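Engineer: Sharing a structure with you now.
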Amino acid sequence: MHCLKMTAVEFINITKKFGSFFANRDISFSVEKNTVHCILGENGAGKTTLMKILFGMYRQDSGSLKISGEDIRFNSPHDAIAKGIGMVHQHFMLIDDFTVMENIILGNEITKGIRIDFDKTAGILNELISTYSLNLDINKKISEISISAQQKTEILKLLFRNSDILIFDEPTAVLSPAETDEFFKIIGKFKSSGKTIIFITHKLNEVRKISDKVSVLRRGMLVYESSNENRNLDLNILSQAIVGETVVKANTEKADIVFPGNDGRNAISLRNIFLKKDNVSRLKGLNLDLYKGEIHGICGVEGNGQNEIIDIITGLETEFEGEFSNPGCSISLVPDDRLKKGMISEFTIGENIILKKKSSNFISERLLDRISTETAEKYDVRVSDIKSNLSSLSGGNQQKVIFARETELESDVMIFSHPTRGVDINATVFIHSKIIEQRNKGKAVLLISSDLDELFALSDKISVIYNGAIAGTFGSEELSNFRNEELIRKSDESTGSPLSDKIGKLMIGIKTE
Ligand SMILES: Nc1ncnc2c1ncn2[C@@H]1O[C@H](COP(=O)(O)OP(=O)(O)OP(=O)(O)O)[C@@H](O)[C@H]1O
Ligand SMILES: [Mg+2]
């Protein structure tokens with residue numbers, strides 16, 4: 001009562017088990033009011049579980065919670081919401097066919113008599129949108145808006161409910177760098193209006209940018225807490241805390257790969273492709289060649305035609321004009337949206353791993369167990385039971401399952417769309433090495449990512465996509481010059497290099513010479 005700093009949330013000896021497995025073990029720490037508190041940790045460390053306890057979705061086995069000093073016990077998210085807690089989940093919970101406004105008022109209706117007062121609701125929402133610069137159209141359907149706009153819908157939902165403690169579970173995993181900057185500005189506004197923000201991320205540079213305090217979980221336990229004065233956060237100490245004893249190699253060291261050069265054998269070719277969907281032109285004269293033994297990176301703001309390219313190559317989309325040739329190459333795909341396109345969550349982990357194996361129609365349970373256990377081990381998927389549903393895996397481990405399955409198919413063409421979305425530092429390094437290995441085996445690799453560092457580190461060639469066409473392509477020579485320059489300028493983050501500047505501009509439609 002007499003302390004200067006007010007505590008928003010206090011976790012006291014929280015333990016949560018699934019079966020005999022400890023997802024959270026005796027976790028105690030506090031989140032101070034009006035701060036940005038980052039929660040870090042490997043895939044499966046227990047971050048989402050702890051936040052679901054705070055949000056009333058799970059009940060802890062032991063331990064307790066205090067909100068603003070008051071002992072509380074939630075039976076459902078409803079109780080947590082009533083206490084001013086809001087959560088934006090790792091996977092959004094929105095109904096595609098509903099508008100932004102309909103999604104928000106679902107369960108929060110402001111009624112006039114017995115009818116919903118849409119005008120009043122719209123007024124309140126638009127005011128919130130302008131206060132927090134959300135830049136969102138409340139009358140658009142979820143299916144029509146970008147991922148970042150969907151996230152803003154989730155944020156608006158919390159604001160509409162007057163949430164004071166905002167939990168974000170890996171919000172930036174799905175955002176482009178520009179969208180991330182915009183998101184951080186919104187977080188800044190939350191802070192200046194007195195709100196408390198709990199923020200989960202795998203990206204350490206983000207932690208440095210916005211956090212006031214950091215807590216690190218490992219294997220269900222709290223293993224590190226930063227001191228209150230966070231200004232000189234040591235990223236080495238942090239990454240050590242995250243992974244334990246293992247020393248992580250930085251991403252950029254992968255830049256040193258020797259590119260053997262594609263052998264000129266064209267795997268996939270798209271010529272002058274035009275595609276309209278719902279009367280909107282999605283592809284406008286797009287040209288793209290994938291060669292065997294080459295990683296072709298595609299860089300662009302999401303929604304500029306990336307998914308349409310994937311749909312054409314995988315045969316999902318056939319109503320296009322132009323020439324598409326595939327001389328019989330088999331295709332693997334790690335899709336951008338793992339929940340909707342990549343897996344069947346009601347199936348077991350093992351079933352998801354072997355889902356596409358064509359070798360036999362019938363596979364004995366023993367063999368299924370063996371293959372899937374081996375694959376899970378090889379790809380470091382952290383599972384307690386291969387026979388449990390895929391939905392019981394942590395977000396990053398689900399991603400590893402899909403990556404493992406598709407990579408093990410040994411297809412001629414590998415499409416990786418945001419392959420490291422939501423995976424931790426070690427797993428990212430591992431996935432990167434696997435992608436390079438695929439290239440070295442002579443596969444044609446298409447790499448789509450909103451992470452520019454990832455694209456620069458892995459690609460033999462980068463094409464920028466803008467507004468349904470390729471705006472520019474940069475070959476291996478330009479990229480390796482760039483990497484060398486980067487090594488020299490490494491520490492200075494503030495100035496962009498000429499090449500990344502150029503690419504950044506092309507991404508938003510500005511051509512420079
Ligand atoms: N409903 C569940 N049933 C069984 N096990 C679960 C369930 N939810 C989580 N787990 C297990 O608890 C552990 C922690 O999962 P959690 O989702 O909290 O991890 P996380 O730190 O959020 O990881 P990520 O960074 O991959 O999202 C994982 O090993 C996961 O498999
Ligand atoms: Mg999680």
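So you can find residues: chains in the structure tokens are A, B, ... in the order shown, residues in each start at 1, and ligands are numbered from 1 in order.
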Would you pick out the contacts of Asp369 (chain A) at 12 Å or less, using only C-alpha atoms, so that residues sharing its chain but fewer than 3 positions from it are not included, and give the list as a list in words?
Structural biologist: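 My list of contacting residues is Thr348, Ile349, Gly350, Glu351, Asn352, Ile353, Ile354, Ile363, Ser364, Glu365, Arg366, Ser372, Thr373, Glu374, Thr375, Ala376, Glu377, Asp385, Ile386, Lys387 and Ser388 of chain A.
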Engineer: Name the residues, by chain letter and number, that sit within 10 Å of ligand 2 using only C-alpha atoms and all ligand atoms, and give them as an NGL selection string.
Structural biologist: :A and (40-52 or 89-91 or 169-170 or 200-201 or 393-397 or 422-423)
Engineer: Just write the chosen residues, N, CA, C and O atoms, as a CSV table (one decimal), in the first residue's frame.
Structural biologist:
```csv
chain,number,residue,atom,x,y,z
A,40,LEU,N,9.8,-14.1,-22.0
A,40,LEU,CA,10.6,-14.7,-23.1
A,40,LEU,C,10.8,-16.2,-22.7
A,40,LEU,O,10.6,-16.6,-21.5
A,41,GLY,N,11.1,-17.0,-23.7
A,41,GLY,CA,11.4,-18.4,-23.4
A,41,GLY,C,11.3,-19.2,-24.7
A,41,GLY,O,10.5,-18.8,-25.6
A,42,GLU,N,11.9,-20.4,-24.7
A,42,GLU,CA,11.9,-21.3,-25.8
A,42,GLU,C,10.5,-21.7,-26.1
A,42,GLU,O,9.6,-21.6,-25.3
A,43,ASN,N,10.3,-22.3,-27.3
A,43,ASN,CA,9.1,-23.0,-27.6
A,43,ASN,C,8.7,-24.0,-26.6
A,43,ASN,O,9.6,-24.9,-26.3
A,44,GLY,N,7.6,-24.0,-26.0
A,44,GLY,CA,7.2,-25.0,-25.0
A,44,GLY,C,7.6,-24.6,-23.6
A,44,GLY,O,7.4,-25.4,-22.7
A,45,ALA,N,8.2,-23.4,-23.4
A,45,ALA,CA,8.7,-23.1,-22.1
A,45,ALA,C,7.5,-22.8,-21.1
A,45,ALA,O,7.8,-22.9,-19.9
A,46,GLY,N,6.3,-22.6,-21.6
A,46,GLY,CA,5.2,-22.4,-20.7
A,46,GLY,C,4.6,-21.0,-20.7
A,46,GLY,O,3.8,-20.6,-19.8
A,47,LYS,N,5.0,-20.1,-21.6
A,47,LYS,CA,4.6,-18.7,-21.7
A,47,LYS,C,3.1,-18.6,-21.9
A,47,LYS,O,2.3,-18.0,-21.1
A,48,THR,N,2.6,-19.3,-22.9
A,48,THR,CA,1.1,-19.2,-23.2
A,48,THR,C,0.3,-19.8,-22.1
A,48,THR,O,-0.7,-19.2,-21.7
A,49,THR,N,0.8,-20.9,-21.5
A,49,THR,CA,0.1,-21.5,-20.4
A,49,THR,C,-0.1,-20.6,-19.3
A,49,THR,O,-1.2,-20.4,-18.7
A,50,LEU,N,1.0,-19.9,-18.9
A,50,LEU,CA,0.9,-19.0,-17.8
A,50,LEU,C,-0.1,-17.8,-18.1
A,50,LEU,O,-0.9,-17.4,-17.2
A,51,MET,N,-0.1,-17.3,-19.3
A,51,MET,CA,-1.0,-16.2,-19.7
A,51,MET,C,-2.4,-16.7,-19.7
A,51,MET,O,-3.3,-16.0,-19.4
A,52,LYS,N,-2.6,-18.0,-20.1
A,52,LYS,CA,-4.0,-18.5,-20.1
A,52,LYS,C,-4.5,-18.6,-18.7
A,52,LYS,O,-5.7,-18.6,-18.4
A,89,HIS,N,-4.6,-13.5,-28.5
A,89,HIS,CA,-4.0,-14.8,-28.6
A,89,HIS,C,-3.0,-15.0,-29.7
A,89,HIS,O,-3.0,-14.3,-30.7
A,90,GLN,N,-2.1,-16.0,-29.5
A,90,GLN,CA,-1.2,-16.4,-30.5
A,90,GLN,C,-1.9,-16.7,-31.9
A,90,GLN,O,-1.5,-16.3,-32.9
A,91,HIS,N,-3.0,-17.3,-31.8
A,91,HIS,CA,-3.8,-17.5,-33.0
A,91,HIS,C,-5.1,-16.8,-32.7
A,91,HIS,O,-5.8,-17.0,-31.7
A,169,ASP,N,0.2,-12.3,-27.0
A,169,ASP,CA,1.0,-13.5,-27.1
A,169,ASP,C,1.6,-13.5,-28.6
A,169,ASP,O,0.9,-13.8,-29.5
A,170,GLU,N,2.9,-13.2,-28.6
A,170,GLU,CA,3.6,-13.1,-29.9
A,170,GLU,C,2.9,-12.3,-31.0
A,170,GLU,O,2.7,-12.8,-32.1
A,200,ILE,N,4.7,-11.2,-25.1
A,200,ILE,CA,5.5,-12.4,-25.4
A,200,ILE,C,6.1,-12.2,-26.8
A,200,ILE,O,5.5,-11.9,-27.7
A,201,THR,N,7.4,-12.5,-26.8
A,201,THR,CA,8.1,-12.5,-28.2
A,201,THR,C,9.3,-13.4,-28.2
A,201,THR,O,9.8,-13.8,-27.1
A,393,LEU,N,0.2,-29.1,-28.5
A,393,LEU,CA,1.6,-28.6,-28.7
A,393,LEU,C,1.6,-27.1,-28.6
A,393,LEU,O,0.6,-26.4,-28.9
A,394,SER,N,2.7,-26.5,-28.1
A,394,SER,CA,2.9,-25.1,-28.1
A,394,SER,C,3.0,-24.6,-29.6
A,394,SER,O,3.3,-25.4,-30.5
A,395,GLY,N,2.7,-23.3,-29.8
A,395,GLY,CA,2.7,-22.7,-31.1
A,395,GLY,C,3.9,-23.0,-31.9
A,395,GLY,O,3.8,-23.5,-33.1
A,396,GLY,N,5.1,-22.8,-31.4
A,396,GLY,CA,6.3,-23.0,-32.1
A,396,GLY,C,6.5,-24.5,-32.4
A,396,GLY,O,7.1,-24.8,-33.5
A,397,ASN,N,6.1,-25.4,-31.5
A,397,ASN,CA,6.3,-26.8,-31.8
A,397,ASN,C,5.3,-27.3,-32.9
A,397,ASN,O,5.7,-28.2,-33.6
A,422,GLY,N,7.1,-17.7,-35.2
A,422,GLY,CA,6.8,-18.2,-33.8
A,422,GLY,C,7.7,-19.2,-33.3
A,422,GLY,O,7.5,-19.8,-32.2
A,423,VAL,N,8.8,-19.5,-34.0
A,423,VAL,CA,9.8,-20.5,-33.4
A,423,VAL,C,10.9,-19.8,-32.7
A,423,VAL,O,11.3,-18.6,-33.0
```
Engineer: Give the answer as one residue: which of A:Gln399, A:Thr428, A:Asn481, A:Asn266 has the shortest atom-to-atom distance to ligand 1, using only C-alpha atoms and all ligand atoms?
Structural biologist: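 That would be A:Gln399, the residue with the smallest distance to ligand 1.
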Engineer: Using DSSP on the backbone coordinates, identify the residues of region 155-350 of chain A assigned to alpha helix (DSSP H); present them as a PyMOL selection string.
Structural biologist: chain A and resi 155-160+177-192+204-210+235-243+306-313+349-350
Engineer: What's around Val88 (chain A) at 10 Å? Count only C-alpha atoms, leave out sequence neighbours fewer than 2 positions away in its own chain, and write the answer as an NGL selection string.
Structural biologist: :A and (86 or 90-93 or 151-155 or 157-158 or 166-171 or 199)
Engineer: Could you write out, as a PyMOL selection string, all the residues of region 10-143 of chain A that DSSP marks as strand (DSSP E or B)?
Structural biologist: chain A and resi 10-18+21-32+36-40+62-67+70-72+85-88+99+111-112+115-116+141
Engineer: Pick the closest to ligand 1 from A:Asp424, A:Glu317, A:Glu323, A:Glu302: which is it, counting only C-alpha atoms and all ligand atoms?
Structural biologist: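 Of A:Asp424, A:Glu317, A:Glu323, A:Glu302, the one nearest ligand 1 is A:Asp424, counting only C-alpha atoms and all ligand atoms.
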Engineer: Ranking A:Ile104, A:Leu222, A:Val301, A:Ile436 by minimum distance to ligand 1 and counting only C-alpha atoms and all ligand atoms, which one comes first?
Structural biologist: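 Between A:Ile104, A:Leu222, A:Val301, A:Ile436, the residue approaching ligand 1 most closely is A:Leu222.
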Engineer: Give me the residues within 10 Å of Phe18 (chain A) as JSON, numbers by chain, counting only C-alpha atoms and dropping any in the same chain fewer than 4 places off.
Structural biologist: {"A": [22, 23, 24, 61, 384, 392]}
Engineer: Quick one: residues within 12 Å of Ser500 (chain A), only C-alpha atoms counted, chain neighbours fewer than 3 positions away excluded, as a list in words?
Structural biologist: Cys299, Leu452, Asp453, Leu455, Phe456, Ile462, Val464, Phe474, Glu478, Leu479, Asn481, Phe482, Arg483, Glu485, Glu486, Thr495, Gly496, Ser497, Ile503, Gly504, Lys505, Leu506 and Met507 of chain A
Engineer: Given the choices A:Phe98, A:Phe430, A:Phe21, A:Tyr224, which gets closest to ligand 1 if the distance is worked out from only C-alpha atoms and all ligand atoms?
Structural biologist: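 With only C-alpha atoms and all ligand atoms as the atom set, the closest residue is A:Phe21.
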Engineer: Smallest atom-to-atom distance to ligand 1: which of A:Glu454, A:Glu410, A:Glu144, A:Asp380, using only C-alpha atoms and all ligand atoms?
Structural biologist: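 So, comparing all the options, the nearest one is A:Asp380.
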Engineer: Which of these, A:Arg219, A:Lys443, A:Lys203, A:Lys292, has the shortest distance to ligand 1 once you count only C-alpha atoms and all ligand atoms?
Structural biologist: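 Closest to ligand 1, using only C-alpha atoms and all ligand atoms: A:Arg219.
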Engineer: Just the number, please: distance in Å from CA of Ser28 (chain A) to CA of Leu65 (chain A), one decimal.
Structural biologist: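 Calculated distance between CA of Ser28 (chain A) and CA of Leu65 (chain A) is 9.4 Å.
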Engineer: If I take CA of Gln398 (chain A) and CA of Asp97 (chain A), how far is one from the other in Å, to one decimal?
Structural biologist: 25.9 Å
